[in-house]
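What follows is the content of final_10.pdb (PDB, C-alpha atoms).
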ATOM      1  CA  MET A   1       0.000   0.000   0.000
ATOM      2  CA  GLY A   2       3.015   2.301   0.157
ATOM      3  CA  LEU A   3       2.414   3.488   3.703
ATOM      4  CA  GLY A   4       4.006   0.381   5.201
ATOM      5  CA  SER A   5       7.495   1.555   4.242
ATOM      6  CA  SER A   6      10.327   2.964   6.348
ATOM      7  CA  HIS A   7       8.968   6.442   5.628
ATOM      8  CA  PRO A   8       7.056   8.248   8.357
ATOM      9  CA  LYS A   9       3.294   7.848   8.229
ATOM     10  CA  PRO A  10       1.861  10.891   6.477
ATOM     11  CA  PHE A  11      -0.593  13.165   8.200
ATOM     12  CA  PRO A  12      -3.332  15.102   6.397
ATOM     13  CA  GLY A  13      -1.727  18.141   4.779
ATOM     14  CA  ASP A  14       1.714  16.567   4.305
ATOM     15  CA  ILE A  15       3.319  16.905   0.882
ATOM     16  CA  LEU A  16       3.985  13.532  -0.754
ATOM     17  CA  GLU A  17       6.691  13.235  -3.396
ATOM     18  CA  PHE A  18       6.398  10.443  -5.977
ATOM     19  CA  PRO A  19       9.715  10.028  -7.865
ATOM     20  CA  ARG A  20       9.123   9.662 -11.621
ATOM     21  CA  ASN A  21      12.627   9.590 -13.073
ATOM     22  CA  LYS A  22      16.149  10.768 -12.319
ATOM     23  CA  TYR A  23      15.182  14.433 -12.639
ATOM     24  CA  PHE A  24      11.527  14.963 -11.801
ATOM     25  CA  SER A  25       8.924  13.919  -9.262
ATOM     26  CA  HIS A  26       5.172  14.288  -8.961
ATOM     27  CA  PHE A  27       3.755  15.930  -5.828
ATOM     28  CA  GLY A  28       0.472  15.932  -3.971
ATOM     29  CA  ILE A  29      -1.093  16.619  -0.582
ATOM     30  CA  TYR A  30      -1.952  13.699   1.673
ATOM     31  CA  TYR A  31      -5.709  14.007   2.160
ATOM     32  CA  GLY A  32      -6.279  11.245   4.683
ATOM     33  CA  GLU A  33      -8.147   7.943   4.519
ATOM     34  CA  ARG A  34     -11.571   7.037   3.222
ATOM     35  CA  ASP A  35     -12.767   3.548   4.197
ATOM     36  CA  GLY A  36      -9.193   2.673   5.143
ATOM     37  CA  VAL A  37      -7.759   3.750   1.762
ATOM     38  CA  PRO A  38      -5.162   6.575   1.856
ATOM     39  CA  TYR A  39      -5.833   9.413  -0.626
ATOM     40  CA  VAL A  40      -3.727  12.157  -2.163
ATOM     41  CA  ALA A  41      -4.905  15.401  -3.818
ATOM     42  CA  HIS A  42      -2.719  16.286  -6.807
ATOM     43  CA  LEU A  43      -2.614  18.389  -9.961
ATOM     44  CA  THR A  44      -2.874  16.142 -12.992
ATOM     45  CA  CYS A  45      -3.800  16.185 -16.668
ATOM     46  CA  ARG A  46      -3.895  12.356 -16.738
ATOM     47  CA  ASP A  47      -7.609  11.997 -17.593
ATOM     48  CA  SER A  48      -7.984  15.179 -19.604
ATOM     49  CA  GLU A  49      -9.733  14.806 -22.955
ATOM     50  CA  THR A  50      -8.084  17.934 -24.327
ATOM     51  CA  LYS A  51      -4.513  17.362 -23.266
ATOM     52  CA  LEU A  52      -2.114  19.523 -25.224
ATOM     53  CA  LEU A  53       1.402  19.135 -23.969
ATOM     54  CA  LEU A  54       3.189  21.935 -25.739
ATOM     55  CA  PHE A  55       6.406  23.317 -24.311
ATOM     56  CA  GLY A  56       5.574  21.697 -20.955
ATOM     57  CA  ARG A  57       2.023  23.078 -20.844
ATOM     58  CA  ALA A  58      -1.306  21.263 -20.645
ATOM     59  CA  LEU A  59      -4.251  23.554 -21.172
ATOM     60  CA  LYS A  60      -6.691  21.416 -19.217
ATOM     61  CA  SER A  61      -5.557  19.986 -15.910
ATOM     62  CA  GLU A  62      -7.286  19.634 -12.576
ATOM     63  CA  VAL A  63      -6.794  18.797  -8.933
ATOM     64  CA  LYS A  64      -7.897  15.199  -8.404
ATOM     65  CA  LEU A  65      -8.305  12.999  -5.365
ATOM     66  CA  ASP A  66      -6.845   9.529  -5.975
ATOM     67  CA  PRO A  67      -5.770   6.611  -3.816
ATOM     68  CA  VAL A  68      -2.071   6.999  -2.979
ATOM     69  CA  GLU A  69      -1.142   3.727  -4.694
ATOM     70  CA  VAL A  70      -2.808   4.866  -7.955
ATOM     71  CA  VAL A  71      -0.487   7.887  -8.027
ATOM     72  CA  GLY A  72       2.585   5.830  -7.138
ATOM     73  CA  GLN A  73       3.880   2.882  -5.155
ATOM     74  CA  ARG A  74       6.988   4.779  -4.019
ATOM     75  CA  TYR A  75       6.749   8.098  -2.223
ATOM     76  CA  LYS A  76       8.149  10.075   0.659
ATOM     77  CA  VAL A  77       6.835  12.812   2.919
ATOM     78  CA  ARG A  78       8.484  16.016   1.719
ATOM     79  CA  ASN A  79       7.431  19.066   3.731
ATOM     80  CA  MET A  80      10.431  20.941   2.360
ATOM     81  CA  LEU A  81       9.510  24.453   3.446
ATOM     82  CA  ASP A  82       8.367  23.822   7.032
ATOM     83  CA  GLU A  83      11.504  25.423   8.485
ATOM     84  CA  ILE A  84      10.950  28.622   6.478
ATOM     85  CA  HIS A  85       7.159  28.863   6.157
ATOM     86  CA  PRO A  86       4.650  27.567   8.689
ATOM     87  CA  PRO A  87       2.220  25.069   7.157
ATOM     88  CA  ARG A  88      -1.393  26.142   7.032
ATOM     89  CA  ASP A  89      -3.998  24.238   9.054
ATOM     90  CA  PHE A  90      -5.261  21.272   7.058
ATOM     91  CA  TYR A  91      -8.865  21.179   8.273
ATOM     92  CA  SER A  92      -9.649  24.905   8.271
ATOM     93  CA  VAL A  93      -7.594  26.048   5.232
ATOM     94  CA  VAL A  94      -5.991  23.310   3.102
ATOM     95  CA  LYS A  95      -8.859  20.794   2.876
ATOM     96  CA  PRO A  96     -11.457  23.454   1.944
ATOM     97  CA  ALA A  97      -9.018  24.831  -0.682
ATOM     98  CA  ILE A  98      -8.540  21.341  -2.150
ATOM     99  CA  ASP A  99     -12.283  20.649  -2.133
ATOM    100  CA  ASP A 100     -12.903  24.002  -3.857
ATOM    101  CA  MET A 101     -10.295  23.356  -6.576
ATOM    102  CA  MET A 102     -11.362  19.816  -7.484
ATOM    103  CA  GLY A 103     -12.918  19.603 -10.911
ATOM    104  CA  LYS A 104     -11.925  23.119 -11.979
ATOM    105  CA  ASP A 105      -9.804  23.589 -15.093
ATOM    106  CA  ILE A 106      -6.240  24.647 -14.325
ATOM    107  CA  THR A 107      -3.456  25.241 -16.819
ATOM    108  CA  PHE A 108      -0.502  22.994 -16.003
ATOM    109  CA  ASP A 109       2.850  24.568 -16.826
ATOM    110  CA  ILE A 110       6.059  22.674 -16.075
ATOM    111  CA  LEU A 111       7.929  25.897 -15.237
ATOM    112  CA  PHE A 112       5.267  28.020 -13.549
ATOM    113  CA  HIS A 113       2.452  25.771 -12.276
ATOM    114  CA  ASN A 114       3.313  22.083 -11.886
ATOM    115  CA  SER A 115       2.254  19.585  -9.223
ATOM    116  CA  GLU A 116       4.963  20.794  -6.822
ATOM    117  CA  HIS A 117       3.806  24.411  -7.207
ATOM    118  CA  GLN A 118       0.229  23.290  -6.483
ATOM    119  CA  ALA A 119       1.211  21.220  -3.430
ATOM    120  CA  THR A 120       3.241  24.060  -1.877
ATOM    121  CA  LEU A 121       0.420  26.485  -2.665
ATOM    122  CA  PHE A 122      -2.008  24.295  -0.719
ATOM    123  CA  ARG A 123       0.330  23.645   2.242
ATOM    124  CA  TYR A 124       2.061  27.015   2.604
ATOM    125  CA  GLY A 125       0.004  29.478   0.577
ATOM    126  CA  LEU A 126       2.868  30.090  -1.873
ATOM    127  CA  LYS A 127       3.984  28.479  -5.122
ATOM    128  CA  LYS A 128       7.468  26.989  -5.141
ATOM    129  CA  SER A 129       9.136  24.235  -7.141
ATOM    130  CA  THR A 130      12.588  23.221  -5.947
ATOM    131  CA  GLN A 131      13.031  20.828  -8.868
ATOM    132  CA  ILE A 132      12.433  23.639 -11.379
ATOM    133  CA  GLU A 133      14.776  25.942  -9.438
ATOM    134  CA  LYS A 134      17.505  23.310  -9.937
ATOM    135  CA  VAL A 135      16.833  23.418 -13.690
ATOM    136  CA  TYR A 136      17.092  27.232 -13.679
ATOM    137  CA  ILE A 137      20.464  27.041 -11.902
ATOM    138  CA  GLN A 138      21.751  24.822 -14.720
ATOM    139  CA  ILE A 139      20.382  26.766 -17.694
ATOM    140  CA  LEU A 140      20.560  30.364 -16.472
ATOM    141  CA  PRO A 141      24.340  30.778 -16.995
ATOM    142  CA  THR A 142      23.985  29.481 -20.562
ATOM    143  CA  TRP A 143      21.096  31.829 -21.283
ATOM    144  CA  LYS A 144      22.957  34.795 -19.786
ATOM    145  CA  GLU A 145      25.918  34.153 -22.063
ATOM    146  CA  LEU A 146      23.668  33.886 -25.120
ATOM    147  CA  PHE A 147      21.912  37.148 -24.191
ATOM    148  CA  LYS A 148      25.275  38.894 -23.832
ATOM    149  CA  LYS A 149      26.277  37.678 -27.282
ATOM    150  CA  ARG A 150      22.807  38.648 -28.595
ATOM    151  CA  LYS A 151      22.159  35.119 -29.829
ATOM    152  CA  LEU A 152      18.977  34.623 -27.893
TER
END
Would you encode the structure as structure tokens?
Amino acid sequence: MGLGSSHPKPFPGDILEFPRNKYFSHFGIYYGERDGVPYVAHLTCRDSETKLLLFGRALKSEVKLDPVEVVGQRYKVRNMLDEIHPPRDFYSVVKPAIDDMMGKDITFDILFHNSEHQATLFRYGLKKSTQIEKVYIQILPTWKELFKKRKL
């Protein structure tokens, strides 16, 4: 079921990270259990009928509530900003925000609004993607040099 691992048991409002490949992960908010099944709320375009992945953008995405094991067998609790930003209360702020967002169309953008941005927005009230920041650190020096040479 995924929860029976060496990882700490998630609590409602925790950010779950589901590794996808060497570079990127998928993120969601642990929502709690329903009939003994653990659920996660996450931004996805998986079931979208009008999926258009163009330059890392899907025009129709949404926040969905899925069983944790449907999203991924491997995950870890990753409340990466707790030391800098206090997490918002799950029951009075985060859960109502998730419930309000479910089913609404959201534009997914790999650089500006991905699943990590959405998860940090729910938990902390701000959008942040550490995995995208790592990409920026790698490409920014190259872009700066191209701008200086007026080749970009």
Can you spell out as a PDB file with C-alpha atoms, in the frame of the given file the set of residues that the PyMOL selection byres ((chain A and resi 19-28) around 8) selects in the structure I just provided?
ATOM      1  CA  ILE A  15       3.319  16.905   0.882  1.00  0.00           C
ATOM      2  CA  LEU A  16       3.985  13.532  -0.754  1.00  0.00           C
ATOM      3  CA  GLU A  17       6.691  13.235  -3.396  1.00  0.00           C
ATOM      4  CA  PHE A  18       6.398  10.443  -5.977  1.00  0.00           C
ATOM      5  CA  ILE A  29      -1.093  16.619  -0.582  1.00  0.00           C
ATOM      6  CA  TYR A  30      -1.952  13.699   1.673  1.00  0.00           C
ATOM      7  CA  VAL A  40      -3.727  12.157  -2.163  1.00  0.00           C
ATOM      8  CA  ALA A  41      -4.905  15.401  -3.818  1.00  0.00           C
ATOM      9  CA  HIS A  42      -2.719  16.286  -6.807  1.00  0.00           C
ATOM     10  CA  LEU A  43      -2.614  18.389  -9.961  1.00  0.00           C
ATOM     11  CA  ARG A  74       6.988   4.779  -4.019  1.00  0.00           C
ATOM     12  CA  TYR A  75       6.749   8.098  -2.223  1.00  0.00           C
ATOM     13  CA  SER A 115       2.254  19.585  -9.223  1.00  0.00           C
ATOM     14  CA  GLU A 116       4.963  20.794  -6.822  1.00  0.00           C
ATOM     15  CA  GLN A 118       0.229  23.290  -6.483  1.00  0.00           C
ATOM     16  CA  ALA A 119       1.211  21.220  -3.430  1.00  0.00           C
ATOM     17  CA  GLN A 131      13.031  20.828  -8.868  1.00  0.00           C
TER      18      GLN A 131
END
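Using all atoms listed in the file, the smallest distance between any of A:Tyr136, A:Lys9, A:Thr120, A:Thr44 and Pro86 in chain A comes from A:Thr120.
Each of A:Arg34, A:Arg123, A:Lys134, A:Lys149 was compared to Ser92 in chain A using all atoms listed in the file, and A:Arg123 turns out to be the nearest.
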Spatial neighbours of Gly13 in chain A, 9 Å, all atoms listed in the file, chain gap at least 5 places, as a PyMOL selection string: chain A and resi 29-32+87-91+94-95+122-123
Could you write out the selected residues, including C-alpha atoms, as a PDB file, in the coordinates of the input?
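Contents of again-v1.pdb, freshly written:
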ATOM      1  CA  ILE A  29      -1.093  16.619  -0.582  1.00  0.00           C
ATOM      2  CA  TYR A  30      -1.952  13.699   1.673  1.00  0.00           C
ATOM      3  CA  TYR A  31      -5.709  14.007   2.160  1.00  0.00           C
ATOM      4  CA  GLY A  32      -6.279  11.245   4.683  1.00  0.00           C
ATOM      5  CA  PRO A  87       2.220  25.069   7.157  1.00  0.00           C
ATOM      6  CA  ARG A  88      -1.393  26.142   7.032  1.00  0.00           C
ATOM      7  CA  ASP A  89      -3.998  24.238   9.054  1.00  0.00           C
ATOM      8  CA  PHE A  90      -5.261  21.272   7.058  1.00  0.00           C
ATOM      9  CA  TYR A  91      -8.865  21.179   8.273  1.00  0.00           C
ATOM     10  CA  VAL A  94      -5.991  23.310   3.102  1.00  0.00           C
ATOM     11  CA  LYS A  95      -8.859  20.794   2.876  1.00  0.00           C
ATOM     12  CA  PHE A 122      -2.008  24.295  -0.719  1.00  0.00           C
ATOM     13  CA  ARG A 123       0.330  23.645   2.242  1.00  0.00           C
TER      14      ARG A 123
END
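Note that CA of Ile132 in chain A and CA of Ile84 in chain A are 18.6 Å apart.
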Within-8 Å shell of (-11.6, 22.8, -14.4) in input frame, only C-alpha atoms, as an MDAnalysis selection string: chainID A and resid 60:62 101:106
